[in-house]
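Next up, work-v7.cif (mmCIF, C-alpha atoms):
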data_target
#
loop_
_atom_site.label_atom_id
_atom_site.label_comp_id
_atom_site.auth_asym_id
_atom_site.auth_seq_id
_atom_site.Cartn_x
_atom_site.Cartn_y
_atom_site.Cartn_z
CA MET A 16 -17.31 -55.28 -18.14
CA ILE A 17 -14.53 -53.32 -16.43
CA LYS A 18 -11.13 -53.95 -17.93
CA LYS A 19 -8.10 -54.18 -15.71
CA LEU A 20 -5.55 -51.42 -16.04
CA PRO A 21 -2.18 -52.56 -17.41
CA ASN A 22 0.38 -52.91 -14.65
CA VAL A 23 2.50 -50.02 -15.96
CA VAL A 24 -0.48 -47.64 -16.04
CA LEU A 25 -1.51 -48.72 -12.56
CA TRP A 26 1.96 -48.11 -11.17
CA VAL A 27 2.10 -44.66 -12.80
CA PHE A 28 -1.28 -43.83 -11.31
CA LEU A 29 -0.21 -44.94 -7.84
CA LEU A 30 3.07 -43.04 -8.12
CA LEU A 31 1.27 -39.82 -9.06
CA LEU A 32 -1.20 -40.32 -6.23
CA PHE A 33 1.67 -40.83 -3.79
CA GLN A 34 3.48 -37.73 -5.07
CA ASN A 35 0.36 -35.60 -4.72
CA CYS A 36 -0.23 -36.83 -1.18
CA LYS A 37 3.40 -36.21 -0.33
CA GLN A 38 3.24 -32.68 -1.75
CA GLU A 39 0.08 -31.94 0.23
CA GLU A 40 1.79 -33.23 3.37
CA ILE A 41 4.82 -30.99 2.73
CA SER A 42 2.56 -27.99 2.13
CA MET A 43 0.70 -28.66 5.37
CA ASP A 44 3.99 -28.86 7.27
CA LEU A 45 5.18 -25.57 5.73
CA THR A 46 1.97 -23.71 6.51
CA ARG A 47 1.90 -25.19 10.02
CA ASP A 48 5.41 -23.88 10.68
CA PHE A 49 4.45 -20.48 9.27
CA GLU A 50 1.32 -20.28 11.40
CA ASN A 51 3.29 -21.24 14.50
CA MET A 52 5.64 -18.35 13.75
CA ILE A 53 2.65 -16.01 13.30
CA ALA A 54 1.22 -17.12 16.63
CA GLU A 55 4.53 -16.35 18.32
CA GLU A 56 4.69 -12.88 16.72
CA ILE A 57 1.10 -12.11 17.70
CA ASP A 58 1.89 -12.97 21.29
CA LEU A 59 5.27 -11.25 21.36
CA GLN A 60 4.18 -8.02 19.63
CA HIS A 61 0.69 -7.82 21.16
CA ILE A 62 -1.12 -7.91 17.83
CA PRO A 63 -4.92 -8.01 18.19
CA ALA A 64 -5.53 -9.09 14.57
CA LEU A 65 -3.33 -9.99 11.62
CA ALA A 66 -4.30 -10.67 8.02
CA VAL A 67 -1.85 -12.30 5.63
CA LEU A 68 -2.20 -13.10 1.95
CA ILE A 69 0.52 -14.70 -0.19
CA PHE A 70 0.15 -14.73 -3.95
CA LYS A 71 1.77 -15.60 -7.24
CA GLU A 72 0.48 -13.46 -10.09
CA ASN A 73 -3.32 -13.57 -9.86
CA THR A 74 -3.41 -16.76 -7.76
CA ILE A 75 -3.76 -16.66 -3.99
CA LEU A 76 -1.36 -19.28 -2.64
CA TYR A 77 -2.22 -18.80 1.02
CA GLU A 78 -4.36 -16.51 3.14
CA ASN A 79 -5.35 -16.50 6.78
CA TYR A 80 -6.90 -14.18 9.33
CA PHE A 81 -5.76 -14.33 12.93
CA GLY A 82 -7.11 -12.75 16.08
CA TYR A 83 -9.96 -10.32 16.57
CA SER A 84 -11.13 -7.36 14.52
CA ASN A 85 -12.81 -6.24 17.73
CA VAL A 86 -11.18 -7.47 20.92
CA GLN A 87 -13.82 -6.21 23.35
CA ASN A 88 -16.65 -7.95 21.49
CA ARG A 89 -14.52 -11.01 20.59
CA ILE A 90 -15.31 -10.66 16.88
CA PRO A 91 -12.89 -12.81 14.84
CA LEU A 92 -11.05 -11.24 11.94
CA THR A 93 -12.33 -12.39 8.52
CA ARG A 94 -11.35 -11.84 4.91
CA ASP A 95 -14.21 -9.32 4.59
CA ASP A 96 -12.68 -6.96 7.15
CA ILE A 97 -10.92 -3.88 5.84
CA PHE A 98 -8.01 -2.02 7.41
CA LEU A 99 -6.74 1.52 7.32
CA LEU A 100 -3.68 1.00 5.11
CA ALA A 101 -1.54 3.97 6.20
CA SER A 102 1.35 4.72 3.83
CA ILE A 103 0.88 1.79 1.48
CA SER A 104 -2.03 3.93 0.27
CA LYS A 105 0.68 5.84 -1.61
CA ASP A 106 0.96 2.96 -4.08
CA VAL A 107 -2.59 3.71 -5.21
CA THR A 108 -1.91 7.46 -5.29
CA ALA A 109 1.17 6.91 -7.46
CA THR A 110 -0.78 4.56 -9.72
CA ALA A 111 -3.42 7.23 -10.30
CA LEU A 112 -0.82 9.82 -11.28
CA LEU A 113 1.16 7.42 -13.46
CA GLN A 114 -1.96 6.42 -15.37
CA LEU A 115 -2.11 10.06 -16.47
CA PHE A 116 1.59 9.89 -17.30
CA ASP A 117 0.87 6.87 -19.51
CA ALA A 118 -1.87 8.87 -21.21
CA GLY A 119 0.62 11.60 -22.10
CA TYR A 120 -0.57 14.35 -19.77
CA PHE A 121 2.94 15.16 -18.50
CA ALA A 122 6.57 14.05 -18.45
CA LEU A 123 8.25 12.91 -15.25
CA ASP A 124 10.75 15.77 -15.33
CA ASP A 125 8.17 18.47 -15.98
CA PRO A 126 7.91 21.13 -13.25
CA ILE A 127 4.74 20.58 -11.24
CA ASN A 128 4.08 24.34 -11.25
CA ASP A 129 3.24 24.05 -14.94
CA TYR A 130 0.16 22.08 -13.92
CA LEU A 131 -0.84 23.37 -10.46
CA PRO A 132 -3.30 26.23 -9.87
CA PHE A 133 -0.94 27.61 -7.21
CA ARG A 134 2.84 27.90 -7.13
CA VAL A 135 4.98 25.62 -4.92
CA SER A 136 8.68 26.28 -4.39
CA VAL A 137 11.24 25.52 -1.72
CA PRO A 138 12.22 28.82 -0.04
CA ASN A 139 15.64 30.14 -1.07
CA TYR A 140 16.02 27.68 -3.96
CA ASN A 141 15.18 28.26 -7.62
CA GLN A 142 15.23 24.62 -8.75
CA PRO A 143 11.68 23.66 -9.77
CA ILE A 144 10.03 20.62 -8.19
CA THR A 145 9.27 17.92 -10.77
CA PHE A 146 6.85 14.98 -10.83
CA ARG A 147 9.81 12.62 -10.47
CA MET A 148 10.91 14.43 -7.31
CA LEU A 149 7.47 14.12 -5.73
CA LEU A 150 7.39 10.42 -6.54
CA THR A 151 10.84 9.82 -5.01
CA HIS A 152 10.56 11.99 -1.88
CA THR A 153 13.29 14.33 -3.09
CA SER A 154 11.12 17.44 -3.55
CA GLY A 155 12.19 19.27 -0.40
CA ILE A 156 8.59 19.45 0.87
CA ALA A 157 8.58 18.56 4.57
CA ASP A 158 6.04 17.25 7.05
CA GLY A 159 5.73 20.20 9.40
CA PRO A 160 3.89 19.93 12.74
CA LEU A 161 0.82 21.68 11.30
CA LEU A 162 0.30 18.69 9.00
CA TYR A 163 -0.63 16.64 12.05
CA THR A 164 -3.44 18.99 13.10
CA GLN A 165 -5.61 17.55 10.34
CA TYR A 166 -6.95 14.39 11.99
CA TYR A 167 -10.73 13.93 12.24
CA TYR A 168 -12.34 11.19 14.32
CA GLY A 169 -15.56 9.52 13.27
CA GLN A 170 -15.80 11.65 10.14
CA ASP A 171 -14.01 12.80 7.02
CA SER A 172 -12.17 16.09 6.96
CA PRO A 173 -14.45 18.99 5.94
CA THR A 174 -11.51 20.77 4.27
CA PRO A 175 -10.91 20.11 0.55
CA LEU A 176 -7.50 18.63 -0.25
CA HIS A 177 -6.67 21.45 -2.67
CA ASP A 178 -7.51 24.18 -0.13
CA PHE A 179 -5.42 22.68 2.65
CA LEU A 180 -2.32 22.10 0.54
CA LYS A 181 -2.50 25.60 -0.91
CA SER A 182 -2.62 27.02 2.62
CA TYR A 183 0.26 24.71 3.65
CA LEU A 184 2.59 25.34 0.69
CA VAL A 185 1.93 28.90 -0.46
CA PRO A 186 3.18 31.98 1.45
CA GLY A 187 0.38 33.71 3.29
CA GLY A 188 -1.58 30.50 3.81
CA ALA A 189 -3.01 29.68 7.25
CA TYR A 190 -0.76 26.61 7.56
CA TYR A 191 2.31 27.98 5.79
CA ASN A 192 5.67 27.91 7.55
CA ALA A 193 8.78 28.44 5.44
CA THR A 194 11.15 26.64 7.79
CA GLU A 195 8.92 23.79 9.02
CA ASN A 196 7.08 22.90 5.80
CA PHE A 197 10.22 22.73 3.65
CA HIS A 198 13.71 21.28 3.93
CA ASP A 199 16.83 23.34 3.47
CA PHE A 200 18.12 21.64 0.31
CA THR A 201 17.82 22.06 -3.42
CA PRO A 202 14.98 19.91 -4.79
CA GLY A 203 16.31 16.71 -6.31
CA THR A 204 19.53 16.63 -4.28
CA ASN A 205 18.46 14.83 -1.11
CA PHE A 206 15.95 12.26 0.12
CA SER A 207 13.43 13.01 2.86
CA TYR A 208 10.18 11.09 3.13
CA SER A 209 7.28 13.46 2.53
CA ASN A 210 3.64 12.79 3.34
CA ALA A 211 2.78 16.34 2.28
CA GLY A 212 4.45 15.77 -1.07
CA SER A 213 2.45 12.58 -1.59
CA ALA A 214 -0.77 14.42 -0.78
CA LEU A 215 0.13 17.02 -3.40
CA ILE A 216 0.12 14.20 -5.96
CA GLY A 217 -3.61 13.93 -5.27
CA VAL A 218 -4.06 17.59 -6.24
CA LEU A 219 -2.10 17.01 -9.44
CA VAL A 220 -4.36 14.08 -10.30
CA GLU A 221 -7.37 16.34 -9.79
CA GLN A 222 -5.92 19.10 -11.97
CA LEU A 223 -4.88 16.80 -14.79
CA SER A 224 -8.04 14.68 -14.84
CA LYS A 225 -10.50 17.50 -14.06
CA THR A 226 -12.16 15.36 -11.41
CA ASP A 227 -11.74 14.92 -7.67
CA PHE A 228 -9.15 12.42 -6.52
CA ASN A 229 -11.57 9.98 -4.90
CA SER A 230 -13.80 9.82 -7.98
CA TYR A 231 -10.82 9.38 -10.26
CA CYS A 232 -9.56 6.38 -8.27
CA LYS A 233 -12.97 4.75 -8.19
CA LYS A 234 -13.46 5.08 -11.94
CA ASN A 235 -9.95 4.20 -13.10
CA ILE A 236 -8.62 1.80 -10.45
CA PHE A 237 -11.15 0.38 -7.98
CA GLN A 238 -14.09 -0.33 -10.30
CA PRO A 239 -12.19 -1.88 -13.24
CA LEU A 240 -10.15 -4.06 -10.85
CA LYS A 241 -13.32 -4.97 -8.91
CA MET A 242 -11.82 -3.65 -5.69
CA ASN A 243 -15.26 -3.54 -4.12
CA HIS A 244 -14.10 -3.20 -0.53
CA THR A 245 -11.80 -0.21 -0.94
CA TYR A 246 -12.57 3.35 0.20
CA TRP A 247 -10.78 6.67 0.47
CA ARG A 248 -13.65 8.25 2.40
CA LEU A 249 -14.70 7.02 5.83
CA GLU A 250 -18.29 8.06 5.18
CA GLU A 251 -18.45 5.81 2.12
CA ALA A 252 -17.18 2.86 4.15
CA PHE A 253 -19.87 3.53 6.77
CA GLN A 254 -22.57 3.84 4.09
CA ALA A 255 -21.49 0.52 2.60
CA ASN A 256 -21.71 -1.03 6.08
CA ALA A 257 -18.12 -2.17 5.66
CA SER A 258 -16.58 -4.14 8.49
CA ILE A 259 -13.53 -2.11 9.53
CA ALA A 260 -10.94 -3.73 11.78
CA GLN A 261 -10.89 -1.75 15.01
CA PRO A 262 -7.57 0.11 15.51
CA TYR A 263 -5.88 -0.39 18.88
CA ARG A 264 -3.01 0.82 20.98
CA PHE A 265 -1.50 -1.58 23.49
CA ASN A 266 -1.01 0.20 26.79
CA ASN A 267 -0.86 -0.96 30.41
CA ASN A 268 -1.20 -4.54 29.21
CA GLN A 269 -4.54 -3.72 27.56
CA TYR A 270 -5.85 -3.18 24.05
CA GLN A 271 -7.30 0.32 23.97
CA PRO A 272 -9.59 1.04 20.98
CA ILE A 273 -9.02 4.09 18.81
CA GLN A 274 -11.97 5.74 17.09
CA HIS A 275 -11.94 5.44 13.29
CA TYR A 276 -10.41 8.56 11.81
CA THR A 277 -9.33 10.33 8.64
CA PHE A 278 -7.08 13.27 7.77
CA THR A 279 -7.27 16.10 5.26
CA ASP A 280 -4.14 15.00 3.36
CA TYR A 281 -5.65 11.54 2.86
CA PRO A 282 -3.92 10.50 -0.43
CA ASN A 283 -0.76 9.81 1.57
CA GLY A 284 -2.29 7.21 3.89
CA GLY A 285 -6.08 7.29 4.25
CA LEU A 286 -7.12 4.31 2.12
CA ARG A 287 -9.10 1.46 3.65
CA SER A 288 -9.06 -1.90 1.91
CA SER A 289 -8.82 -5.68 2.27
CA PRO A 290 -5.93 -8.01 1.43
CA ARG A 291 -7.92 -9.51 -1.44
CA ASP A 292 -8.57 -6.10 -2.98
CA MET A 293 -4.94 -5.07 -2.69
CA HIS A 294 -3.91 -8.35 -4.28
CA LYS A 295 -5.86 -7.30 -7.37
CA LEU A 296 -3.78 -4.13 -7.53
CA LEU A 297 -0.46 -5.90 -7.00
CA THR A 298 -1.31 -8.46 -9.67
CA ALA A 299 -0.74 -5.69 -12.20
CA PHE A 300 2.73 -5.00 -10.81
CA VAL A 301 3.86 -8.58 -11.48
CA GLN A 302 1.96 -9.02 -14.76
CA ASN A 303 3.30 -6.15 -16.85
CA GLY A 304 0.55 -3.78 -15.78
CA MET A 305 -2.40 -6.10 -16.39
CA SER A 306 -4.93 -7.19 -13.76
CA ASN A 307 -8.42 -8.58 -14.24
CA ASN A 308 -7.90 -8.10 -18.01
CA TYR A 309 -7.52 -4.38 -17.34
CA PRO A 310 -4.41 -2.44 -18.42
CA LEU A 311 -3.75 -0.60 -15.17
CA LEU A 312 -0.34 0.75 -16.22
CA LYS A 313 2.09 0.28 -19.07
CA ALA A 314 4.76 -2.38 -18.55
CA SER A 315 7.45 0.26 -19.09
CA THR A 316 5.96 2.38 -16.32
CA ILE A 317 5.93 -0.56 -13.91
CA ASN A 318 9.60 -1.12 -14.73
CA THR A 319 10.37 2.55 -14.02
CA MET A 320 8.58 2.34 -10.67
CA LEU A 321 10.89 -0.54 -9.73
CA THR A 322 14.07 1.26 -10.78
CA PRO A 323 16.04 3.58 -8.46
CA GLN A 324 15.56 7.08 -9.89
CA PHE A 325 18.32 8.90 -8.00
CA PRO A 326 20.82 6.11 -7.20
CA THR A 327 23.45 8.54 -5.93
CA ILE A 328 20.93 9.77 -3.35
CA ASN A 329 19.05 6.59 -2.43
CA ARG A 330 19.36 3.26 -4.24
CA GLU A 331 16.22 1.85 -2.61
CA VAL A 332 13.66 4.32 -3.99
CA GLY A 333 11.75 3.88 -7.23
CA LEU A 334 8.57 5.80 -8.01
CA HIS A 335 6.69 5.63 -4.71
CA LEU A 336 7.93 2.07 -4.27
CA PHE A 337 10.85 0.96 -2.11
CA LEU A 338 13.29 -1.92 -2.21
CA MET A 339 12.05 -3.48 1.02
CA GLN A 340 14.40 -6.47 1.17
CA ALA A 341 17.39 -6.55 -1.16
CA THR A 342 18.13 -10.23 -0.50
CA ASN A 343 14.80 -11.27 -1.97
CA ASN A 344 14.51 -8.31 -4.36
CA LEU A 345 11.21 -7.40 -2.73
CA TRP A 346 9.73 -4.07 -3.80
CA GLY A 347 6.77 -2.55 -2.03
CA HIS A 348 5.78 -0.28 0.81
CA SER A 349 5.07 -0.30 4.52
CA GLY A 350 2.71 1.84 6.55
CA SER A 351 2.17 2.96 10.11
CA GLU A 352 -0.57 5.10 11.60
CA SER A 353 -2.27 5.26 14.96
CA GLY A 354 -3.71 1.79 15.49
CA VAL A 355 -2.41 0.14 12.30
CA ALA A 356 0.74 -1.33 10.77
CA THR A 357 0.83 -2.65 7.22
CA ILE A 358 3.28 -3.98 4.67
CA LEU A 359 3.17 -5.40 1.16
CA ALA A 360 5.89 -6.43 -1.24
CA PHE A 361 6.56 -8.55 -4.31
CA ASN A 362 9.35 -9.87 -6.49
CA ALA A 363 8.72 -8.91 -10.11
CA ASN A 364 10.80 -11.87 -11.38
CA THR A 365 9.30 -14.70 -9.32
CA LYS A 366 5.92 -12.89 -9.37
CA VAL A 367 5.43 -13.90 -5.73
CA GLY A 368 4.40 -11.41 -3.08
CA ALA A 369 2.74 -10.97 0.29
CA ILE A 370 0.32 -8.59 1.97
CA ILE A 371 0.16 -8.23 5.77
CA PHE A 372 -2.22 -5.98 7.72
CA THR A 373 -2.50 -5.48 11.48
CA ASN A 374 -4.59 -3.23 13.74
CA GLN A 375 -1.87 -2.12 16.17
CA LYS A 376 0.84 0.42 15.36
CA GLU A 377 3.84 -0.77 17.39
CA VAL A 378 4.48 -3.82 15.23
CA ASN A 379 7.48 -4.83 13.12
CA LEU A 380 6.33 -6.80 10.10
CA SER A 381 9.64 -7.24 8.26
CA ASP A 382 10.39 -10.75 9.55
CA ILE A 383 6.83 -11.90 8.88
CA LEU A 384 7.11 -10.53 5.34
CA ALA A 385 10.34 -12.46 4.74
CA GLU A 386 8.80 -15.69 6.04
CA ALA A 387 5.64 -15.14 4.00
CA TYR A 388 7.65 -14.66 0.81
CA ALA A 389 9.75 -17.75 1.56
CA LEU A 390 6.56 -19.76 2.02
CA GLY A 391 5.18 -18.43 -1.25
CA LEU A 392 8.22 -19.72 -3.13
CA LYS A 393 7.64 -23.23 -1.75
CA LEU A 394 3.88 -23.54 -2.21
#
As a first step, turn the structure in this file into structure tokens.
Amino acid sequence: MIKKLPNVVLWVFLLLLFQNCKQEEISMDLTRDFENMIAEEIDLQHIPALAVLIFKENTILYENYFGYSNVQNRIPLTRDDIFLLASISKDVTATALLQLFDAGYFALDDPINDYLPFRVSVPNYNQPITFRMLLTHTSGIADGPLLYTQYYYGQDSPTPLHDFLKSYLVPGGAYYNATENFHDFTPGTNFSYSNAGSALIGVLVEQLSKTDFNSYCKKNIFQPLKMNHTYWRLEEAFQANASIAQPYRFNNNQYQPIQHYTFTDYPNGGLRSSPRDMHKLLTAFVQNGMSNNYPLLKASTINTMLTPQFPTINREVGLHLFLMQATNNLWGHSGSESGVATILAFNANTKVGAIIFTNQKEVNLSDILAEAYALGLKL
């Protein structure tokens, strides 16, 4: 015999049911508005494909995949597609180096020449370059035009990272130029974004860990975080039969495909990954260094990364992380390479963040990031 529920219990049940339905309706309205905004941006900015993932800690609040990973073949973008990440790759490169910092291999203000197999110095200045300077783009190492001769299409660069940077930074090297490869300021006294300096971090990781940079990242970052769709090497992505979003340029009212490519100085921007994999990395940045029960970095190191290191020079630069939007206290990174534009950011206090990837370079993602974060706070 089924007993009747007391009236009070029944009313509470109906009230909770109504509240849940109302909340679901509100969430649907919010996501509908967000998706309408995305559709407008895709049309306005000529974006062939856009992936967006919004998270809070290790929970995905929202994700969606718009457009086509391959326009010519009308292949829809899916969550399994990976993108060339451009400069947000630097977050992984910094993580690799700072893991070794956590293990006591060096101090942030140590001169890098104490650990390198070749000597790097800014011409005409005696101030040594430190790890902290490399991580804050204050080293004085510049991106000379010869840096951009190192693109390889359809294959990985045949030149080892160590060999290229030695030839780029050491007098007598084939790519050395004292005036183009370095800035005219004392290291640590000015800010100038440096891809070459970020690539040199990869060499330092190799020297400190006694293993190549790619292998180090796989063993200490990708595998423990189960980032199974993340690759530094194009050949490895091909061997895994990974689905890579086709890069495009928009020209003459057409999407023109760009062949998949890499570059010798790959630690500054050559990573390929998916939003879900990068979420696993960012989870650690909002959970005191922990992700997937793996201690990626110490909580104190995460805090240092999110703290301006040279506030009199630039108050928006931590350790290879930037204050992307001061209003929302969003820290992260953006990236831009031929055929791709990317951005990711998070608020360490609310633990909410967003990841946005596209396969077209001439795209501004700042407004989409702000709207994505605002949605994350409401979901």
Item to complete: Find, counting only C-alpha atoms, the residue in A:Asn362, A:Ser230, A:Asn307, A:Thr151 that gets nearest to Phe325 in chain A.
Response: A:Thr151
Worksheet item: Could you spell out the hits of the PyMOL selection byres ((chain A and resi 308) around 12) on the shown file, as a PyMOL selection string?
Response: chain A and resi 73+239-241+295-296+298-299+302-307+309-312
Worksheet item: For the atom pair CA of Leu223 in chain A and CA of Ala211 in chain A, what is the interatomic distance in Å to one decimal place?
Response: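 Taking CA of Leu223 in chain A as the start and CA of Ala211 in chain A as the end point, the length is 18.7 Å.
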Item to complete: Given the file shown, determine the residues that the PyMOL selection byres ((chain A and resi 138) around 12) selects; report them as JSON, numbers by chain.
Response: {"A": [134, 135, 136, 137, 139, 140, 141, 142, 143, 144, 154, 155, 156, 157, 184, 185, 186, 191, 192, 193, 194, 195, 196, 197, 198, 199, 200, 201, 202]}
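In this comparison, which uses all atoms listed in the file, the residue of A:Pro290, A:Lys225, A:Arg330, A:Tyr388 approaching Tyr120 in chain A most closely is A:Lys225.
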Item to complete: For each of A:Thr204, A:Thr245, A:Gln375, A:Thr46, take the minimum atom-to-atom distance to Asn266 in chain A, counting only C-alpha atoms, then give the residue where this is smallest.
Response: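 Checking each candidate against Asn266 in chain A, we get A:Gln375 as the closest.
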Item to complete: Using all atoms listed in the file, pick whichever of A:Phe146, A:Tyr183, A:Phe98, A:Phe300 has the shortest atom-to-atom distance to Gly285 in chain A.
Response: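 The closest residue to Gly285 in chain A is A:Phe98.
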